[in-house]
Structure formats: structure tokens, C-alpha cells
file input.tsv (TSV, N, CA and C atoms)
chain	number	residue	atom	x	y	z
A	1	VAL	N	9.96	-17.59	-9.67
A	1	VAL	CA	9.90	-17.52	-8.21
A	1	VAL	C	8.89	-16.44	-7.82
A	2	GLN	N	8.02	-16.78	-6.90
A	2	GLN	CA	7.04	-15.81	-6.40
A	2	GLN	C	7.17	-15.69	-4.90
A	3	LEU	N	7.10	-14.46	-4.41
A	3	LEU	CA	7.12	-14.19	-2.98
A	3	LEU	C	5.76	-13.67	-2.55
A	4	GLN	N	5.26	-14.21	-1.48
A	4	GLN	CA	3.97	-13.79	-0.94
A	4	GLN	C	4.17	-13.27	0.46
A	5	ALA	N	3.91	-11.98	0.64
A	5	ALA	CA	4.04	-11.36	1.95
A	5	ALA	C	2.66	-11.16	2.55
A	6	SER	N	2.59	-11.26	3.86
A	6	SER	CA	1.31	-11.07	4.55
A	6	SER	C	1.58	-10.59	5.97
A	7	GLY	N	0.51	-10.17	6.62
A	7	GLY	CA	0.60	-9.81	8.02
A	7	GLY	C	0.48	-8.33	8.33
A	8	GLY	N	0.44	-7.50	7.31
A	8	GLY	CA	0.30	-6.08	7.56
A	8	GLY	C	-1.08	-5.73	8.08
A	9	GLY	N	-1.22	-4.49	8.50
A	9	GLY	CA	-2.51	-4.05	8.99
A	9	GLY	C	-2.39	-2.74	9.72
A	10	LEU	N	-3.47	-2.40	10.40
A	10	LEU	CA	-3.53	-1.17	11.19
A	10	LEU	C	-3.30	-1.50	12.65
A	11	VAL	N	-2.38	-0.78	13.28
A	11	VAL	CA	-2.07	-1.05	14.67
A	11	VAL	C	-1.82	0.29	15.38
A	12	GLN	N	-2.13	0.34	16.64
A	12	GLN	CA	-1.87	1.55	17.41
A	12	GLN	C	-0.39	1.63	17.78
A	13	ALA	N	0.07	2.84	17.97
A	13	ALA	CA	1.45	3.04	18.41
A	13	ALA	C	1.71	2.24	19.68
A	14	GLY	N	2.86	1.58	19.71
A	14	GLY	CA	3.19	0.73	20.84
A	14	GLY	C	2.80	-0.72	20.64
A	15	GLY	N	2.04	-0.98	19.60
A	15	GLY	CA	1.58	-2.33	19.34
A	15	GLY	C	2.58	-3.15	18.54
A	16	SER	N	2.15	-4.35	18.17
A	16	SER	CA	3.02	-5.30	17.47
A	16	SER	C	2.32	-5.88	16.25
A	17	LEU	N	3.13	-6.28	15.30
A	17	LEU	CA	2.66	-7.02	14.13
A	17	LEU	C	3.72	-8.04	13.74
A	18	ARG	N	3.29	-9.09	13.09
A	18	ARG	CA	4.22	-10.10	12.59
A	18	ARG	C	3.97	-10.28	11.10
A	19	LEU	N	5.00	-10.01	10.33
A	19	LEU	CA	4.92	-10.18	8.89
A	19	LEU	C	5.51	-11.53	8.50
A	20	SER	N	4.94	-12.11	7.46
A	20	SER	CA	5.43	-13.38	6.95
A	20	SER	C	5.69	-13.25	5.45
A	21	CYS	N	6.65	-14.02	4.97
A	21	CYS	CA	6.94	-14.03	3.54
A	21	CYS	C	7.40	-15.42	3.16
A	22	ALA	N	6.83	-15.93	2.10
A	22	ALA	CA	7.21	-17.24	1.60
A	22	ALA	C	7.50	-17.14	0.11
A	23	ALA	N	8.62	-17.71	-0.28
A	23	ALA	CA	9.00	-17.74	-1.69
A	23	ALA	C	8.73	-19.14	-2.23
A	24	SER	N	8.09	-19.21	-3.35
A	24	SER	CA	7.80	-20.50	-3.95
A	24	SER	C	8.33	-20.52	-5.38
A	25	GLY	N	8.54	-21.73	-5.88
A	25	GLY	CA	8.94	-21.88	-7.26
A	25	GLY	C	10.43	-22.06	-7.48
A	26	SER	N	11.17	-22.22	-6.40
A	26	SER	CA	12.61	-22.43	-6.56
A	26	SER	C	13.06	-23.63	-5.75
A	27	ILE	N	13.92	-24.44	-6.32
A	27	ILE	CA	14.47	-25.56	-5.57
A	27	ILE	C	15.71	-25.14	-4.80
A	28	LYS	N	16.21	-23.95	-5.11
A	28	LYS	CA	17.40	-23.45	-4.42
A	28	LYS	C	16.98	-22.68	-3.17
A	29	SER	N	17.84	-22.70	-2.19
A	29	SER	CA	17.60	-21.90	-0.99
A	29	SER	C	18.10	-20.48	-1.20
A	30	ALA	N	17.40	-19.54	-0.64
A	30	ALA	CA	17.82	-18.15	-0.73
A	30	ALA	C	19.07	-17.93	0.11
A	31	SER	N	20.05	-17.27	-0.45
A	31	SER	CA	21.25	-16.96	0.32
A	31	SER	C	20.98	-15.88	1.35
A	32	SER	N	20.01	-15.04	1.07
A	32	SER	CA	19.57	-14.06	2.06
A	32	SER	C	18.13	-13.68	1.77
A	33	MET	N	17.46	-13.24	2.82
A	33	MET	CA	16.11	-12.71	2.68
A	33	MET	C	16.03	-11.43	3.49
A	34	ALA	N	15.22	-10.52	3.02
A	34	ALA	CA	15.22	-9.19	3.64
A	34	ALA	C	13.82	-8.61	3.63
A	35	TRP	N	13.66	-7.62	4.48
A	35	TRP	CA	12.47	-6.78	4.49
A	35	TRP	C	12.89	-5.35	4.20
A	36	TYR	N	12.22	-4.75	3.24
A	36	TYR	CA	12.36	-3.34	2.94
A	36	TYR	C	11.03	-2.67	3.25
A	37	ARG	N	11.07	-1.37	3.37
A	37	ARG	CA	9.81	-0.63	3.50
A	37	ARG	C	9.91	0.67	2.73
A	38	GLN	N	8.74	1.10	2.30
A	38	GLN	CA	8.64	2.40	1.64
A	38	GLN	C	7.59	3.20	2.36
A	39	SER	N	8.05	4.21	3.06
A	39	SER	CA	7.14	5.08	3.80
A	39	SER	C	6.66	6.19	2.88
A	40	PRO	N	5.52	6.80	3.21
A	40	PRO	CA	4.99	7.87	2.36
A	40	PRO	C	6.01	8.98	2.12
A	41	GLY	N	6.24	9.29	0.86
A	41	GLY	CA	7.15	10.37	0.50
A	41	GLY	C	8.62	10.02	0.59
A	42	LYS	N	8.93	8.76	0.86
A	42	LYS	CA	10.32	8.36	1.01
A	42	LYS	C	10.67	7.24	0.04
A	43	GLN	N	11.96	7.06	-0.15
A	43	GLN	CA	12.42	5.96	-0.99
A	43	GLN	C	12.38	4.66	-0.21
A	44	ARG	N	12.35	3.57	-0.95
A	44	ARG	CA	12.38	2.26	-0.31
A	44	ARG	C	13.71	2.10	0.43
A	45	GLU	N	13.64	1.57	1.64
A	45	GLU	CA	14.83	1.41	2.45
A	45	GLU	C	14.89	0.01	3.04
A	46	LEU	N	16.12	-0.45	3.24
A	46	LEU	CA	16.32	-1.76	3.86
A	46	LEU	C	16.04	-1.64	5.36
A	47	VAL	N	15.19	-2.52	5.84
A	47	VAL	CA	14.87	-2.55	7.27
A	47	VAL	C	15.75	-3.57	7.98
A	48	THR	N	15.79	-4.78	7.44
A	48	THR	CA	16.54	-5.85	8.05
A	48	THR	C	16.75	-6.97	7.05
A	49	ASP	N	17.82	-7.72	7.22
A	49	ASP	CA	17.99	-8.91	6.40
A	49	ASP	C	18.68	-10.00	7.20
A	50	ILE	N	18.62	-11.21	6.65
A	50	ILE	CA	19.20	-12.37	7.31
A	50	ILE	C	19.78	-13.29	6.24
A	51	THR	N	20.99	-13.77	6.48
A	51	THR	CA	21.62	-14.67	5.54
A	51	THR	C	21.20	-16.11	5.83
A	52	ASP	N	21.61	-17.00	4.95
A	52	ASP	CA	21.22	-18.40	5.14
A	52	ASP	C	21.92	-19.04	6.33
A	53	ASP	N	22.96	-18.41	6.84
A	53	ASP	CA	23.59	-18.94	8.05
A	53	ASP	C	23.27	-18.10	9.27
A	54	GLY	N	22.25	-17.26	9.14
A	54	GLY	CA	21.71	-16.59	10.32
A	54	GLY	C	22.30	-15.24	10.67
A	55	VAL	N	23.15	-14.71	9.86
A	55	VAL	CA	23.71	-13.39	10.14
A	55	VAL	C	22.65	-12.33	9.80
A	56	THR	N	22.45	-11.43	10.73
A	56	THR	CA	21.38	-10.43	10.56
A	56	THR	C	21.92	-9.01	10.52
A	57	PHE	N	21.14	-8.17	9.90
A	57	PHE	CA	21.40	-6.73	9.88
A	57	PHE	C	20.08	-6.04	10.20
A	58	TYR	N	20.15	-4.97	11.00
A	58	TYR	CA	18.99	-4.14	11.30
A	58	TYR	C	19.38	-2.68	11.12
A	59	ARG	N	18.49	-1.92	10.52
A	59	ARG	CA	18.77	-0.48	10.49
A	59	ARG	C	18.61	0.06	11.91
A	60	ASP	N	19.31	1.13	12.21
A	60	ASP	CA	19.38	1.63	13.59
A	60	ASP	C	18.00	1.89	14.19
A	61	SER	N	17.10	2.40	13.39
A	61	SER	CA	15.80	2.83	13.94
A	61	SER	C	14.92	1.68	14.40
A	62	VAL	N	15.26	0.45	14.03
A	62	VAL	CA	14.43	-0.69	14.43
A	62	VAL	C	15.16	-1.64	15.38
A	63	LYS	N	16.42	-1.38	15.64
A	63	LYS	CA	17.18	-2.26	16.53
A	63	LYS	C	16.51	-2.33	17.90
A	64	GLY	N	16.40	-3.55	18.41
A	64	GLY	CA	15.79	-3.75	19.70
A	64	GLY	C	14.28	-3.84	19.67
A	65	ARG	N	13.68	-3.52	18.51
A	65	ARG	CA	12.22	-3.58	18.40
A	65	ARG	C	11.77	-4.64	17.38
A	66	PHE	N	12.55	-4.82	16.34
A	66	PHE	CA	12.20	-5.77	15.28
A	66	PHE	C	13.10	-7.00	15.37
A	67	LEU	N	12.54	-8.13	14.97
A	67	LEU	CA	13.31	-9.37	14.94
A	67	LEU	C	13.00	-10.12	13.65
A	68	ILE	N	14.04	-10.42	12.89
A	68	ILE	CA	13.87	-11.19	11.66
A	68	ILE	C	14.29	-12.63	11.92
A	69	ALA	N	13.59	-13.56	11.31
A	69	ALA	CA	13.91	-14.97	11.50
A	69	ALA	C	13.56	-15.74	10.24
A	70	ARG	N	14.37	-16.73	9.92
A	70	ARG	CA	14.05	-17.63	8.82
A	70	ARG	C	13.12	-18.71	9.35
A	71	GLY	N	12.19	-19.12	8.54
A	71	GLY	CA	11.28	-20.18	8.94
A	71	GLY	C	11.88	-21.55	8.70
A	72	ASN	N	11.25	-22.56	9.27
A	72	ASN	CA	11.69	-23.94	9.05
A	72	ASN	C	11.48	-24.36	7.60
A	73	ALA	N	10.43	-23.88	7.01
A	73	ALA	CA	10.20	-24.17	5.60
A	73	ALA	C	11.19	-23.38	4.76
A	74	LYS	N	11.62	-23.97	3.69
A	74	LYS	CA	12.62	-23.32	2.85
A	74	LYS	C	12.09	-21.99	2.32
A	75	ASN	N	12.95	-21.01	2.33
A	75	ASN	CA	12.65	-19.70	1.73
A	75	ASN	C	11.43	-19.01	2.35
A	76	THR	N	11.36	-19.10	3.67
A	76	THR	CA	10.37	-18.32	4.40
A	76	THR	C	11.09	-17.41	5.38
A	77	VAL	N	10.49	-16.28	5.63
A	77	VAL	CA	11.08	-15.33	6.57
A	77	VAL	C	9.97	-14.61	7.30
A	78	TYR	N	10.23	-14.27	8.54
A	78	TYR	CA	9.26	-13.58	9.37
A	78	TYR	C	9.88	-12.30	9.92
A	79	LEU	N	9.03	-11.35	10.21
A	79	LEU	CA	9.48	-10.11	10.84
A	79	LEU	C	8.54	-9.80	11.99
A	80	GLN	N	9.04	-9.94	13.19
A	80	GLN	CA	8.28	-9.56	14.39
A	80	GLN	C	8.59	-8.10	14.68
A	81	MET	N	7.55	-7.29	14.70
A	81	MET	CA	7.72	-5.85	14.91
A	81	MET	C	7.01	-5.46	16.20
A	82	ASN	N	7.76	-4.95	17.14
A	82	ASN	CA	7.23	-4.55	18.44
A	82	ASN	C	7.44	-3.05	18.65
A	83	SER	N	6.71	-2.52	19.59
A	83	SER	CA	6.83	-1.09	19.94
A	83	SER	C	6.76	-0.22	18.69
A	84	LEU	N	5.78	-0.49	17.88
A	84	LEU	CA	5.65	0.24	16.62
A	84	LEU	C	5.33	1.71	16.86
A	85	ASN	N	5.85	2.54	15.98
A	85	ASN	CA	5.55	3.97	16.04
A	85	ASN	C	5.18	4.46	14.64
A	86	ALA	N	4.77	5.69	14.56
A	86	ALA	CA	4.27	6.24	13.31
A	86	ALA	C	5.31	6.18	12.19
A	87	ASP	N	6.58	6.27	12.55
A	87	ASP	CA	7.64	6.23	11.54
A	87	ASP	C	7.78	4.85	10.89
A	88	ASP	N	7.15	3.84	11.50
A	88	ASP	CA	7.21	2.50	10.92
A	88	ASP	C	6.14	2.29	9.84
A	89	THR	N	5.27	3.26	9.69
A	89	THR	CA	4.22	3.16	8.68
A	89	THR	C	4.82	3.08	7.28
A	90	GLY	N	4.29	2.17	6.47
A	90	GLY	CA	4.76	2.06	5.11
A	90	GLY	C	4.36	0.72	4.51
A	91	VAL	N	4.73	0.53	3.26
A	91	VAL	CA	4.54	-0.75	2.61
A	91	VAL	C	5.82	-1.56	2.80
A	92	TYR	N	5.66	-2.74	3.34
A	92	TYR	CA	6.80	-3.61	3.61
A	92	TYR	C	6.90	-4.66	2.51
A	93	TYR	N	8.10	-4.77	1.95
A	93	TYR	CA	8.37	-5.71	0.87
A	93	TYR	C	9.39	-6.73	1.33
A	94	CYS	N	9.18	-7.97	0.98
A	94	CYS	CA	10.22	-8.96	1.25
A	94	CYS	C	11.00	-9.22	-0.03
A	95	GLU	N	12.24	-9.56	0.16
A	95	GLU	CA	13.15	-9.82	-0.95
A	95	GLU	C	13.89	-11.11	-0.67
A	96	ALA	N	14.11	-11.87	-1.70
A	96	ALA	CA	14.91	-13.09	-1.58
A	96	ALA	C	16.00	-13.07	-2.64
A	97	VAL	N	17.19	-13.39	-2.22
A	97	VAL	CA	18.31	-13.52	-3.16
A	97	VAL	C	18.53	-15.00	-3.38
A	98	ILE	N	18.26	-15.44	-4.59
A	98	ILE	CA	18.40	-16.86	-4.94
A	98	ILE	C	19.32	-16.94	-6.14
A	99	GLY	N	20.49	-17.54	-5.94
A	99	GLY	CA	21.49	-17.52	-7.00
A	99	GLY	C	21.88	-16.09	-7.29
A	100	PRO	N	21.94	-15.73	-8.56
A	100	PRO	CA	22.35	-14.36	-8.92
A	100	PRO	C	21.19	-13.37	-9.00
A	101	GLN	N	20.00	-13.81	-8.64
A	101	GLN	CA	18.83	-12.96	-8.84
A	101	GLN	C	18.17	-12.53	-7.54
A	102	ASN	N	17.56	-11.34	-7.60
A	102	ASN	CA	16.75	-10.84	-6.49
A	102	ASN	C	15.28	-10.96	-6.89
A	103	PHE	N	14.47	-11.41	-5.96
A	103	PHE	CA	13.05	-11.54	-6.19
A	103	PHE	C	12.31	-10.75	-5.13
A	104	TRP	N	11.19	-10.14	-5.52
A	104	TRP	CA	10.44	-9.27	-4.62
A	104	TRP	C	9.00	-9.74	-4.49
A	105	GLY	N	8.47	-9.54	-3.26
A	105	GLY	CA	7.06	-9.77	-3.05
A	105	GLY	C	6.27	-8.51	-3.38
A	106	GLN	N	4.97	-8.61	-3.26
A	106	GLN	CA	4.08	-7.54	-3.68
A	106	GLN	C	3.91	-6.44	-2.64
A	107	GLY	N	4.37	-6.66	-1.44
A	107	GLY	CA	4.26	-5.65	-0.40
A	107	GLY	C	3.03	-5.84	0.46
A	108	THR	N	3.18	-5.50	1.72
A	108	THR	CA	2.06	-5.53	2.65
A	108	THR	C	2.09	-4.23	3.45
A	109	LEU	N	0.95	-3.59	3.59
A	109	LEU	CA	0.85	-2.27	4.19
A	109	LEU	C	0.76	-2.35	5.70
A	110	VAL	N	1.62	-1.59	6.34
A	110	VAL	CA	1.60	-1.44	7.80
A	110	VAL	C	1.27	0.02	8.10
A	111	THR	N	0.23	0.22	8.88
A	111	THR	CA	-0.17	1.57	9.26
A	111	THR	C	-0.20	1.64	10.78
A	112	VAL	N	0.59	2.55	11.33
A	112	VAL	CA	0.66	2.73	12.77
A	112	VAL	C	-0.02	4.04	13.11
A	113	SER	N	-1.07	3.95	13.90
A	113	SER	CA	-1.82	5.15	14.29
A	113	SER	C	-1.31	5.66	15.63
A	114	SER	N	-1.19	6.97	15.72
A	114	SER	CA	-0.68	7.56	16.97
A	114	SER	C	-1.83	8.02	17.85

call {"tool": "encode", "arguments": {"input": "input.tsv", "output": "C-alpha cells"}}
result
Amino acid sequence: VQLQASGGGLVQAGGSLRLSCAASGSIKSASSMAWYRQSPGKQRELVTDITDDGVTFYRDSVKGRFLIARGNAKNTVYLQMNSLNADDTGVYYCEAVIGPQNFWGQGTLVTVSS
């Protein structure tokens, strides 16, 4: 299974970005998909996730600004990020849980300039 994340880039504070992630190589649907991020000097942290029946979790710092959604295509997930600030800077990784295994994408860099 391979995950391909895209959509990162450089954006000014207050701006928006939309990340995409698609998992290929599995006939099974992911029971959950998530976005993690690793900011400079910090450990990787869970930003948000969504189960196959649509239950979502958001870390407090992104509530009301970020929106996670599953795509119509199997094993795709999107992250709409609004009102970005410098603390959102980092490498964003998508994760898919398929069966008993976790799979990770390569990461996409988000840089928010103040």
C-alpha cells in the first residue's frame, strides 16, 4: 500500500491550503485515515482523523479552522486548512489504517509565513 500526499506549500498567515492523500494498492477500505504533522523541533502529533463511518477528531488548536473529509474514491482523504498561522508550519503526513496495519505517506511541507 502506498500513500501519496500533496497540496503543501508556502502561504501567508490567515491563508488557506488543501491537502490531499490517496492510498493505492489495497482492495480493502481504510477503517480510518488521519493527518499528522511534525513541526520544527517537535514530535509528530495527530492533527485530525476520520473513521470510515465519518466520526472525526480534531486537536484543540485546529478546531474550527481545519476540516477533514473522506473522498468519494476509496482510501482518499482531504484536509482543508483555513486561518493558518505560524504554529501550523510543519510536515504533514497522512496515515491510513487498513486491517491491522498502519500505512504512512511521505509527507508534504506546509510553511506559514507571518

call {"tool": "residues_around", "arguments": {"input": "input.tsv", "residues": "Gly107 (chain A)", "least_positions_apart": "3", "cutoff": "10 Å", "atoms": "only C-alpha atoms", "output": "JSON, numbers by chain"}}
result
{"A": [3, 4, 5, 6, 8, 21, 35, 36, 37, 38, 90, 91, 92, 93, 94, 95, 104, 110]}

call {"tool": "residues_near_point", "arguments": {"input": "input.tsv", "point": "(1.7, 2.7, 17.9)", "cutoff": "6.5 Å", "atoms": "all atoms listed in the file", "output": "list of chain:residue names"}}
result
A:Val11, A:Gln12, A:Ala13, A:Gly14, A:Gly15, A:Ser83, A:Leu84, A:Asn85, A:Ala86, A:Val112, A:Ser113, A:Ser114

call {"tool": "residues_around", "arguments": {"input": "input.tsv", "residues": "Ile98 (chain A)", "least_positions_apart": "6", "cutoff": "9 Å", "atoms": "only C-alpha atoms", "output": "list in words"}}
result
Ser26, Lys28, Ser29, Ala30, Ser31, Ser32 and Met33 of chain A

call {"tool": "write_last_selection", "arguments": {"input": "input.tsv", "atoms": "N, CA and C atoms", "output": "PDB file, in the coordinates of the input"}}
result
ATOM      1  N   SER A  26      11.170 -22.220  -6.400  1.00  0.00           N
ATOM      2  CA  SER A  26      12.610 -22.430  -6.560  1.00  0.00           C
ATOM      3  C   SER A  26      13.060 -23.630  -5.750  1.00  0.00           C
ATOM      4  N   LYS A  28      16.210 -23.950  -5.110  1.00  0.00           N
ATOM      5  CA  LYS A  28      17.400 -23.450  -4.420  1.00  0.00           C
ATOM      6  C   LYS A  28      16.980 -22.680  -3.170  1.00  0.00           C
ATOM      7  N   SER A  29      17.840 -22.700  -2.190  1.00  0.00           N
ATOM      8  CA  SER A  29      17.600 -21.900  -0.990  1.00  0.00           C
ATOM      9  C   SER A  29      18.100 -20.480  -1.200  1.00  0.00           C
ATOM     10  N   ALA A  30      17.400 -19.540  -0.640  1.00  0.00           N
ATOM     11  CA  ALA A  30      17.820 -18.150  -0.730  1.00  0.00           C
ATOM     12  C   ALA A  30      19.070 -17.930   0.110  1.00  0.00           C
ATOM     13  N   SER A  31      20.050 -17.270  -0.450  1.00  0.00           N
ATOM     14  CA  SER A  31      21.250 -16.960   0.320  1.00  0.00           C
ATOM     15  C   SER A  31      20.980 -15.880   1.350  1.00  0.00           C
ATOM     16  N   SER A  32      20.010 -15.040   1.070  1.00  0.00           N
ATOM     17  CA  SER A  32      19.570 -14.060   2.060  1.00  0.00           C
ATOM     18  C   SER A  32      18.130 -13.680   1.770  1.00  0.00           C
ATOM     19  N   MET A  33      17.460 -13.240   2.820  1.00  0.00           N
ATOM     20  CA  MET A  33      16.110 -12.710   2.680  1.00  0.00           C
ATOM     21  C   MET A  33      16.030 -11.430   3.490  1.00  0.00           C
TER      22      MET A  33
END

call {"tool": "atom_distance", "arguments": {"input": "input.tsv", "atom1": "atom N of Phe66 (chain A)", "atom2": "atom N of Asn82 (chain A)"}}
result
4.9 Å

call {"tool": "atom_distance", "arguments": {"input": "input.tsv", "atom1": "CA of Gln106 (chain A)", "atom2": "CA of Ala22 (chain A)"}}
result
11.5 Å

call {"tool": "atom_distance", "arguments": {"input": "input.tsv", "atom1": "CA of Thr89 (chain A)", "atom2": "CA of Leu109 (chain A)"}}
result
7.8 Å

call {"tool": "closest_residue", "arguments": {"input": "input.tsv", "among": "A:Ala23, A:Val1, A:Leu10, A:Ala34", "to": "Asn75 (chain A)", "atoms": "all atoms listed in the file"}}
result
A:Ala23

call {"tool": "residues_near_point", "arguments": {"input": "input.tsv", "point": "(19.1, -13.4, 13.7)", "cutoff": "6 Å", "atoms": "only C-alpha atoms", "output": "MDAnalysis selection string"}}
result
chainID A and resid 54:56 69

call {"tool": "closest_residue", "arguments": {"input": "input.tsv", "among": "A:Thr51, A:Gln80, A:Ser16, A:Ser24", "to": "Arg65 (chain A)", "atoms": "all atoms listed in the file"}}
result
A:Gln80
